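Asks: Input structure: coords20.cif, which contains mmCIF, N, CA and C atoms and all ligand atoms.
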data_input
#
loop_
_atom_site.group_PDB
_atom_site.id
_atom_site.type_symbol
_atom_site.label_atom_id
_atom_site.label_comp_id
_atom_site.auth_asym_id
_atom_site.auth_seq_id
_atom_site.Cartn_x
_atom_site.Cartn_y
_atom_site.Cartn_z
ATOM 1 N N MET A 226 -5.406 -22.115 -13.796
ATOM 2 C CA MET A 226 -5.637 -21.143 -12.713
ATOM 3 C C MET A 226 -5.989 -21.894 -11.432
ATOM 4 N N GLY A 227 -5.493 -21.432 -10.346
ATOM 5 C CA GLY A 227 -5.759 -22.080 -9.064
ATOM 6 C C GLY A 227 -7.185 -21.830 -8.606
ATOM 7 N N LYS A 228 -7.423 -22.218 -7.399
ATOM 8 C CA LYS A 228 -8.762 -22.085 -6.846
ATOM 9 C C LYS A 228 -8.993 -20.640 -6.429
ATOM 10 N N GLY A 229 -9.834 -19.953 -7.200
ATOM 11 C CA GLY A 229 -10.134 -18.567 -6.878
ATOM 12 C C GLY A 229 -8.953 -17.661 -7.154
ATOM 13 N N GLY A 230 -9.175 -16.372 -6.997
ATOM 14 C CA GLY A 230 -8.086 -15.426 -7.196
ATOM 15 C C GLY A 230 -7.770 -15.236 -8.667
ATOM 16 N N TRP A 231 -6.730 -14.479 -8.910
ATOM 17 C CA TRP A 231 -6.361 -14.104 -10.264
ATOM 18 C C TRP A 231 -4.945 -14.566 -10.554
ATOM 19 N N MET A 232 -4.684 -14.782 -11.843
ATOM 20 C CA MET A 232 -3.307 -14.996 -12.267
ATOM 21 C C MET A 232 -2.572 -13.669 -12.089
ATOM 22 N N HIS A 233 -1.379 -13.730 -11.548
ATOM 23 C CA HIS A 233 -0.663 -12.491 -11.322
ATOM 24 C C HIS A 233 -0.159 -11.853 -12.609
ATOM 25 N N ASP A 234 -0.032 -12.657 -13.666
ATOM 26 C CA ASP A 234 0.449 -12.085 -14.922
ATOM 27 C C ASP A 234 -0.708 -11.621 -15.798
ATOM 28 N N GLU A 235 -1.893 -11.644 -15.274
ATOM 29 C CA GLU A 235 -3.037 -11.179 -16.043
ATOM 30 C C GLU A 235 -3.285 -9.713 -15.697
ATOM 31 N N SER A 236 -2.877 -8.819 -16.571
ATOM 32 C CA SER A 236 -3.024 -7.400 -16.292
ATOM 33 C C SER A 236 -3.197 -6.638 -17.599
ATOM 34 N N PRO A 237 -4.133 -5.742 -17.742
ATOM 35 C CA PRO A 237 -5.131 -5.519 -16.710
ATOM 36 C C PRO A 237 -6.131 -6.663 -16.680
ATOM 37 N N ARG A 238 -6.705 -6.844 -15.534
ATOM 38 C CA ARG A 238 -7.760 -7.851 -15.415
ATOM 39 C C ARG A 238 -8.996 -7.363 -16.167
ATOM 40 N N ILE A 239 -9.775 -8.317 -16.646
ATOM 41 C CA ILE A 239 -10.953 -7.971 -17.429
ATOM 42 C C ILE A 239 -12.198 -8.512 -16.737
ATOM 43 N N TYR A 240 -13.196 -7.656 -16.683
ATOM 44 C CA TYR A 240 -14.458 -8.037 -16.049
ATOM 45 C C TYR A 240 -15.577 -8.028 -17.082
ATOM 46 N N ARG A 241 -16.594 -8.785 -16.795
ATOM 47 C CA ARG A 241 -17.797 -8.810 -17.633
ATOM 48 C C ARG A 241 -17.460 -9.188 -19.084
ATOM 49 N N ARG A 242 -16.506 -10.092 -19.251
ATOM 50 C CA ARG A 242 -16.168 -10.521 -20.597
ATOM 51 C C ARG A 242 -16.979 -11.759 -20.938
ATOM 52 N N TRP A 243 -17.662 -11.702 -22.035
ATOM 53 C CA TRP A 243 -18.474 -12.818 -22.497
ATOM 54 C C TRP A 243 -18.637 -12.688 -23.997
ATOM 55 N N GLY A 244 -19.392 -13.601 -24.606
ATOM 56 C CA GLY A 244 -19.517 -13.642 -26.056
ATOM 57 C C GLY A 244 -20.013 -12.351 -26.665
ATOM 58 N N GLY A 245 -20.916 -11.656 -25.977
ATOM 59 C CA GLY A 245 -21.482 -10.424 -26.505
ATOM 60 C C GLY A 245 -20.660 -9.198 -26.157
ATOM 61 N N ASN A 246 -19.609 -9.371 -25.392
ATOM 62 C CA ASN A 246 -18.749 -8.257 -24.991
ATOM 63 C C ASN A 246 -17.332 -8.805 -24.832
ATOM 64 N N PRO A 247 -16.741 -9.227 -25.979
ATOM 65 C CA PRO A 247 -15.483 -9.982 -25.911
ATOM 66 C C PRO A 247 -14.328 -9.199 -25.309
ATOM 67 N N LYS A 248 -14.392 -7.885 -25.366
ATOM 68 C CA LYS A 248 -13.317 -7.093 -24.749
ATOM 69 C C LYS A 248 -13.542 -6.889 -23.252
ATOM 70 N N GLY A 249 -14.778 -7.009 -22.835
ATOM 71 C CA GLY A 249 -15.070 -6.858 -21.420
ATOM 72 C C GLY A 249 -14.777 -5.462 -20.911
ATOM 73 N N ASN A 250 -14.752 -5.346 -19.597
ATOM 74 C CA ASN A 250 -14.434 -4.078 -18.956
ATOM 75 C C ASN A 250 -13.095 -4.216 -18.260
ATOM 76 N N PRO A 251 -12.106 -3.420 -18.656
ATOM 77 C CA PRO A 251 -10.796 -3.550 -18.027
ATOM 78 C C PRO A 251 -10.817 -3.099 -16.569
ATOM 79 N N GLU A 252 -9.879 -3.630 -15.851
ATOM 80 C CA GLU A 252 -9.735 -3.333 -14.437
ATOM 81 C C GLU A 252 -9.608 -1.835 -14.155
ATOM 82 N N ASP A 253 -10.287 -1.394 -13.113
ATOM 83 C CA ASP A 253 -10.043 -0.059 -12.568
ATOM 84 C C ASP A 253 -8.948 -0.232 -11.515
ATOM 85 N N VAL A 254 -7.773 0.324 -11.808
ATOM 86 C CA VAL A 254 -6.619 0.042 -10.956
ATOM 87 C C VAL A 254 -6.686 0.710 -9.587
ATOM 88 N N THR A 255 -7.740 1.479 -9.342
ATOM 89 C CA THR A 255 -7.872 2.079 -8.022
ATOM 90 C C THR A 255 -8.815 1.282 -7.142
ATOM 91 N N CYS A 256 -9.445 0.251 -7.744
ATOM 92 C CA CYS A 256 -10.474 -0.472 -7.001
ATOM 93 C C CYS A 256 -10.044 -1.906 -6.701
ATOM 94 N N CYS A 257 -10.681 -2.467 -5.707
ATOM 95 C CA CYS A 257 -10.511 -3.857 -5.322
ATOM 96 C C CYS A 257 -10.731 -4.761 -6.534
ATOM 97 N N ILE A 258 -9.906 -5.796 -6.676
ATOM 98 C CA ILE A 258 -9.966 -6.628 -7.876
ATOM 99 C C ILE A 258 -10.987 -7.759 -7.796
ATOM 100 N N GLU A 259 -11.624 -7.924 -6.657
ATOM 101 C CA GLU A 259 -12.520 -9.066 -6.521
ATOM 102 C C GLU A 259 -13.754 -8.909 -7.420
ATOM 103 N N PRO A 260 -14.062 -9.923 -8.225
ATOM 104 C CA PRO A 260 -15.298 -9.872 -9.007
ATOM 105 C C PRO A 260 -16.502 -10.046 -8.088
ATOM 106 N N VAL A 261 -17.511 -9.237 -8.327
ATOM 107 C CA VAL A 261 -18.724 -9.310 -7.529
ATOM 108 C C VAL A 261 -19.872 -9.686 -8.449
ATOM 109 N N SER A 262 -20.546 -10.761 -8.125
ATOM 110 C CA SER A 262 -21.617 -11.259 -8.979
ATOM 111 C C SER A 262 -22.738 -10.238 -9.120
ATOM 112 N N ASP A 263 -23.269 -10.174 -10.338
ATOM 113 C CA ASP A 263 -24.416 -9.304 -10.560
ATOM 114 C C ASP A 263 -25.631 -9.769 -9.764
ATOM 115 N N GLY A 264 -25.651 -11.046 -9.468
ATOM 116 C CA GLY A 264 -26.785 -11.597 -8.762
ATOM 117 C C GLY A 264 -27.925 -11.927 -9.717
ATOM 118 N N GLY A 265 -28.991 -12.444 -9.172
ATOM 119 C CA GLY A 265 -30.106 -12.818 -10.023
ATOM 120 C C GLY A 265 -29.713 -13.887 -11.021
ATOM 121 N N ARG A 266 -30.157 -13.734 -12.263
ATOM 122 C CA ARG A 266 -29.877 -14.751 -13.261
ATOM 123 C C ARG A 266 -28.640 -14.448 -14.073
ATOM 124 N N SER A 267 -28.031 -13.303 -13.836
ATOM 125 C CA SER A 267 -26.851 -12.944 -14.606
ATOM 126 C C SER A 267 -25.642 -13.772 -14.184
ATOM 127 N N PRO A 268 -24.938 -14.345 -15.151
ATOM 128 C CA PRO A 268 -23.718 -15.091 -14.814
ATOM 129 C C PRO A 268 -22.493 -14.192 -14.721
ATOM 130 N N LEU A 269 -22.666 -12.901 -14.960
ATOM 131 C CA LEU A 269 -21.519 -11.994 -15.024
ATOM 132 C C LEU A 269 -21.166 -11.423 -13.655
ATOM 133 N N SER A 270 -19.939 -10.977 -13.572
ATOM 134 C CA SER A 270 -19.457 -10.335 -12.360
ATOM 135 C C SER A 270 -18.795 -9.016 -12.721
ATOM 136 N N SER A 271 -18.968 -8.041 -11.856
ATOM 137 C CA SER A 271 -18.315 -6.747 -12.026
ATOM 138 C C SER A 271 -17.192 -6.620 -11.009
ATOM 139 N N GLN A 272 -16.265 -5.726 -11.307
ATOM 140 C CA GLN A 272 -15.201 -5.472 -10.348
ATOM 141 C C GLN A 272 -15.783 -4.820 -9.108
ATOM 142 N N CYS A 273 -15.251 -5.201 -7.960
ATOM 143 C CA CYS A 273 -15.664 -4.571 -6.716
ATOM 144 C C CYS A 273 -15.368 -3.071 -6.799
ATOM 145 N N SER A 274 -16.304 -2.243 -6.366
ATOM 146 C CA SER A 274 -16.158 -0.792 -6.536
ATOM 147 C C SER A 274 -15.499 -0.120 -5.336
ATOM 148 N N ARG A 275 -15.123 -0.912 -4.347
ATOM 149 C CA ARG A 275 -14.502 -0.299 -3.169
ATOM 150 C C ARG A 275 -13.017 -0.050 -3.433
ATOM 151 N N PRO A 276 -12.454 0.943 -2.811
ATOM 152 C CA PRO A 276 -11.029 1.227 -3.032
ATOM 153 C C PRO A 276 -10.149 0.097 -2.516
ATOM 154 N N ARG A 277 -9.114 -0.197 -3.281
ATOM 155 C CA ARG A 277 -8.166 -1.242 -2.874
ATOM 156 C C ARG A 277 -7.172 -0.682 -1.860
ATOM 157 N N GLY A 278 -6.300 -1.559 -1.399
ATOM 158 C CA GLY A 278 -5.254 -1.098 -0.486
ATOM 159 C C GLY A 278 -4.994 -2.074 0.648
ATOM 160 N N LYS A 279 -5.774 -3.170 0.683
ATOM 161 C CA LYS A 279 -5.586 -4.141 1.771
ATOM 162 C C LYS A 279 -5.474 -5.538 1.176
ATOM 163 N N GLY A 280 -5.196 -6.479 2.039
ATOM 164 C CA GLY A 280 -5.146 -7.871 1.610
ATOM 165 C C GLY A 280 -3.937 -8.187 0.764
ATOM 166 N N LEU A 281 -4.027 -9.303 0.026
ATOM 167 C CA LEU A 281 -2.913 -9.803 -0.758
ATOM 168 C C LEU A 281 -2.433 -8.759 -1.754
ATOM 169 N N ASP A 282 -1.194 -8.363 -1.650
ATOM 170 C CA ASP A 282 -0.571 -7.366 -2.533
ATOM 171 C C ASP A 282 -1.293 -6.026 -2.519
ATOM 172 N N GLY A 283 -2.121 -5.787 -1.513
ATOM 173 C CA GLY A 283 -2.828 -4.521 -1.428
ATOM 174 C C GLY A 283 -3.853 -4.330 -2.525
ATOM 175 N N LEU A 284 -4.332 -5.445 -3.069
ATOM 176 C CA LEU A 284 -5.228 -5.360 -4.221
ATOM 177 C C LEU A 284 -6.700 -5.439 -3.834
ATOM 178 N N TYR A 285 -6.984 -5.567 -2.552
ATOM 179 C CA TYR A 285 -8.365 -5.795 -2.137
ATOM 180 C C TYR A 285 -8.870 -4.698 -1.210
ATOM 181 N N CYS A 286 -10.186 -4.577 -1.134
ATOM 182 C CA CYS A 286 -10.802 -3.685 -0.170
ATOM 183 C C CYS A 286 -10.818 -4.362 1.201
ATOM 184 N N GLY A 287 -11.243 -3.647 2.188
ATOM 185 C CA GLY A 287 -11.244 -4.187 3.535
ATOM 186 C C GLY A 287 -12.098 -5.432 3.680
ATOM 187 N N ILE A 288 -13.180 -5.482 2.942
ATOM 188 C CA ILE A 288 -14.080 -6.631 3.045
ATOM 189 C C ILE A 288 -13.478 -7.862 2.382
ATOM 190 N N HIS A 289 -13.019 -7.725 1.156
ATOM 191 C CA HIS A 289 -12.491 -8.889 0.449
ATOM 192 C C HIS A 289 -11.090 -9.273 0.928
ATOM 193 N N ALA A 290 -10.421 -8.369 1.610
ATOM 194 C CA ALA A 290 -9.106 -8.710 2.163
ATOM 195 C C ALA A 290 -9.212 -9.828 3.191
ATOM 196 N N ARG A 291 -10.379 -10.006 3.754
ATOM 197 C CA ARG A 291 -10.556 -11.106 4.711
ATOM 198 C C ARG A 291 -10.442 -12.451 4.010
ATOM 199 N N ARG A 292 -10.828 -12.469 2.741
ATOM 200 C CA ARG A 292 -10.771 -13.714 1.984
ATOM 201 C C ARG A 292 -9.376 -13.931 1.398
ATOM 202 N N TYR A 293 -8.674 -12.823 1.128
ATOM 203 C CA TYR A 293 -7.346 -12.918 0.540
ATOM 204 C C TYR A 293 -6.368 -12.120 1.398
ATOM 205 N N PRO A 294 -6.039 -12.632 2.550
ATOM 206 C CA PRO A 294 -5.152 -11.882 3.456
ATOM 207 C C PRO A 294 -3.765 -11.726 2.859
ATOM 208 N N ALA A 295 -3.090 -10.696 3.291
ATOM 209 C CA ALA A 295 -1.735 -10.447 2.819
ATOM 210 C C ALA A 295 -0.847 -11.631 3.168
ATOM 211 N N ALA A 296 0.049 -11.945 2.251
ATOM 212 C CA ALA A 296 0.955 -13.066 2.472
ATOM 213 C C ALA A 296 1.878 -12.753 3.647
ATOM 214 N N PRO A 297 2.189 -13.750 4.443
ATOM 215 C CA PRO A 297 3.116 -13.518 5.555
ATOM 216 C C PRO A 297 4.506 -13.252 5.012
ATOM 217 N N PRO A 298 5.317 -12.559 5.770
ATOM 218 C CA PRO A 298 6.685 -12.298 5.306
ATOM 219 C C PRO A 298 7.439 -13.618 5.148
ATOM 220 N N PRO A 299 8.385 -13.645 4.215
ATOM 221 C CA PRO A 299 9.138 -14.879 3.999
ATOM 222 C C PRO A 299 9.913 -15.276 5.249
ATOM 223 N N ALA A 300 10.080 -16.558 5.417
ATOM 224 C CA ALA A 300 10.798 -17.063 6.593
ATOM 225 C C ALA A 300 12.234 -16.536 6.588
ATOM 226 N N GLN A 301 12.704 -16.276 7.762
ATOM 227 C CA GLN A 301 14.081 -15.817 7.889
ATOM 228 C C GLN A 301 15.047 -16.913 7.449
ATOM 229 N N ARG A 302 15.958 -16.526 6.598
ATOM 230 C CA ARG A 302 16.978 -17.478 6.170
ATOM 231 C C ARG A 302 18.248 -17.229 6.980
ATOM 232 N N THR A 303 18.930 -18.263 7.268
ATOM 233 C CA THR A 303 20.137 -18.143 8.075
ATOM 234 C C THR A 303 21.402 -18.474 7.266
ATOM 235 N N ASP A 304 21.184 -18.783 5.961
ATOM 236 C CA ASP A 304 22.342 -19.196 5.168
ATOM 237 C C ASP A 304 22.818 -18.073 4.248
ATOM 238 N N ASN A 305 22.405 -16.843 4.547
ATOM 239 C CA ASN A 305 22.895 -15.740 3.717
ATOM 240 C C ASN A 305 24.334 -15.390 4.085
ATOM 241 N N GLY A 306 25.007 -14.761 3.145
ATOM 242 C CA GLY A 306 26.366 -14.404 3.447
ATOM 243 C C GLY A 306 27.292 -15.200 2.656
HETATM 244 ZN ZN ZN B 401 -13.716 -5.692 -2.622
#
Any chance you could put this one into structure tokens?
Ligand SMILES: [Zn+2]
Replies:
Amino acid sequence: MGKGGWMHDESPRIYRRWGGNPKGNPEDVTCCIEPVSDGGRSPLSSQCSRPRGKGLDGLYCGIHARRYPAAPPPAQRTDNG
């Protein structure tokens, strides 16, 4: 896996998966996919609860879309035809 972000072939994404909860919590497909740390001493992260629709592939909320901006359109090719 690259630095941060999710594998695109990982669907549904799973949150809060650990030894005591091996199935974890599956992704809510209406919400931003960014894991949000529980904070404190917990090593777990929950799915962001804000509605998705922005950022990379429209999978992020407005806040996390700043970290994962939508990909720019592909460069124009001139060798088509
Ligand atoms: Zn978010």
Asks: Go through the chains and note each residue within 8 Å of ligand ZN 401 (chain B), using only N, CA and C atoms and all ligand atoms, then give the set as a list in words.
Replies: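 Listing the residues within 8 Å of ligand ZN 401 (chain B) gives Cys256, Cys257, Ile258, Glu259, Pro260, Val261, Gln272, Cys273, Ser274, Arg275, Pro276, Arg277, Leu284, Tyr285, Cys286, Gly287, Ile288, His289 and Ala290 of chain A.
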Asks: What do you get, as a ChimeraX atom specification, if you spell out every residue that the PyMOL selection byres (((chain A and resi 239-247) around 8) and not hetatm) selects here?
Replies: /A:235-238,248-253,260,268-272
Asks: From a backbone DSSP assignment, name each residue in chain A labelled strand (DSSP E), as a list in words.
Replies: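 Here are the strand (DSSP E) residues of chain A: Ile239, Tyr240, Asn250, Pro251, Pro260, Val261, Ser262, Ser270, Ser271 and Gln272 of chain A.
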Asks: Using all atoms listed in the file, find all polymer residues with an atom at most 6.5 Å away from the point (-4.6, -11.9, 2.0); report them as a ChimeraX atom specification.
Replies: /A:279-282,290-296
Asks: Next, write the just-selected residues to a file, as an mmCIF file, in the frame of the given file, keeping N, CA and C atoms as the atom set.
Replies:
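As a result, part_24.cif now contains:
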data_model
loop_
_atom_site.group_PDB
_atom_site.id
_atom_site.type_symbol
_atom_site.label_atom_id
_atom_site.label_comp_id
_atom_site.auth_asym_id
_atom_site.auth_seq_id
_atom_site.Cartn_x
_atom_site.Cartn_y
_atom_site.Cartn_z
ATOM 1 N N LYS A 279 -5.774 -3.170 0.683
ATOM 2 C CA LYS A 279 -5.586 -4.141 1.771
ATOM 3 C C LYS A 279 -5.474 -5.538 1.176
ATOM 4 N N GLY A 280 -5.196 -6.479 2.039
ATOM 5 C CA GLY A 280 -5.146 -7.871 1.610
ATOM 6 C C GLY A 280 -3.937 -8.187 0.764
ATOM 7 N N LEU A 281 -4.027 -9.303 0.026
ATOM 8 C CA LEU A 281 -2.913 -9.803 -0.758
ATOM 9 C C LEU A 281 -2.433 -8.759 -1.754
ATOM 10 N N ASP A 282 -1.194 -8.363 -1.650
ATOM 11 C CA ASP A 282 -0.571 -7.366 -2.533
ATOM 12 C C ASP A 282 -1.293 -6.026 -2.519
ATOM 13 N N ALA A 290 -10.421 -8.369 1.610
ATOM 14 C CA ALA A 290 -9.106 -8.710 2.163
ATOM 15 C C ALA A 290 -9.212 -9.828 3.191
ATOM 16 N N ARG A 291 -10.379 -10.006 3.754
ATOM 17 C CA ARG A 291 -10.556 -11.106 4.711
ATOM 18 C C ARG A 291 -10.442 -12.451 4.010
ATOM 19 N N ARG A 292 -10.828 -12.469 2.741
ATOM 20 C CA ARG A 292 -10.771 -13.714 1.984
ATOM 21 C C ARG A 292 -9.376 -13.931 1.398
ATOM 22 N N TYR A 293 -8.674 -12.823 1.128
ATOM 23 C CA TYR A 293 -7.346 -12.918 0.540
ATOM 24 C C TYR A 293 -6.368 -12.120 1.398
ATOM 25 N N PRO A 294 -6.039 -12.632 2.550
ATOM 26 C CA PRO A 294 -5.152 -11.882 3.456
ATOM 27 C C PRO A 294 -3.765 -11.726 2.859
ATOM 28 N N ALA A 295 -3.090 -10.696 3.291
ATOM 29 C CA ALA A 295 -1.735 -10.447 2.819
ATOM 30 C C ALA A 295 -0.847 -11.631 3.168
ATOM 31 N N ALA A 296 0.049 -11.945 2.251
ATOM 32 C CA ALA A 296 0.955 -13.066 2.472
ATOM 33 C C ALA A 296 1.878 -12.753 3.647
#
Asks: Atom C of A:Gly278 to atom N of A:Ser262: how many Å, to one decimal?
Replies: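 About the pair atom C of A:Gly278 and atom N of A:Ser262: they are 19.9 Å apart.
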Asks: Could you please determine the separation between atom C of A:Pro299 and atom C of A:Gly283 in Å, to one decimal place?
Replies: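 Those two atoms sit 19.2 Å apart.
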Asks: Please return, as a list in words, all residues of chain A that DSSP assigns to helix (DSSP H, G or I) on the basis of the backbone.
Replies: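 Assigned to helix (DSSP H, G or I), within chain A: Leu281, Asp282, Gly283, His289, Ala290 and Arg291 of chain A.
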Asks: If the box runs along x, y and z of the file and leaves 3 Å on each side of stretch 241-256 of chain A, what are its centre and edge lengths in Å, one decimal, as lines of an AutoDock Vina configuration file?
Replies:
center_x = -14.1
center_y = -5.8
center_z = -16.7
size_x = 20.9
size_y = 21.7
size_z = 26.0
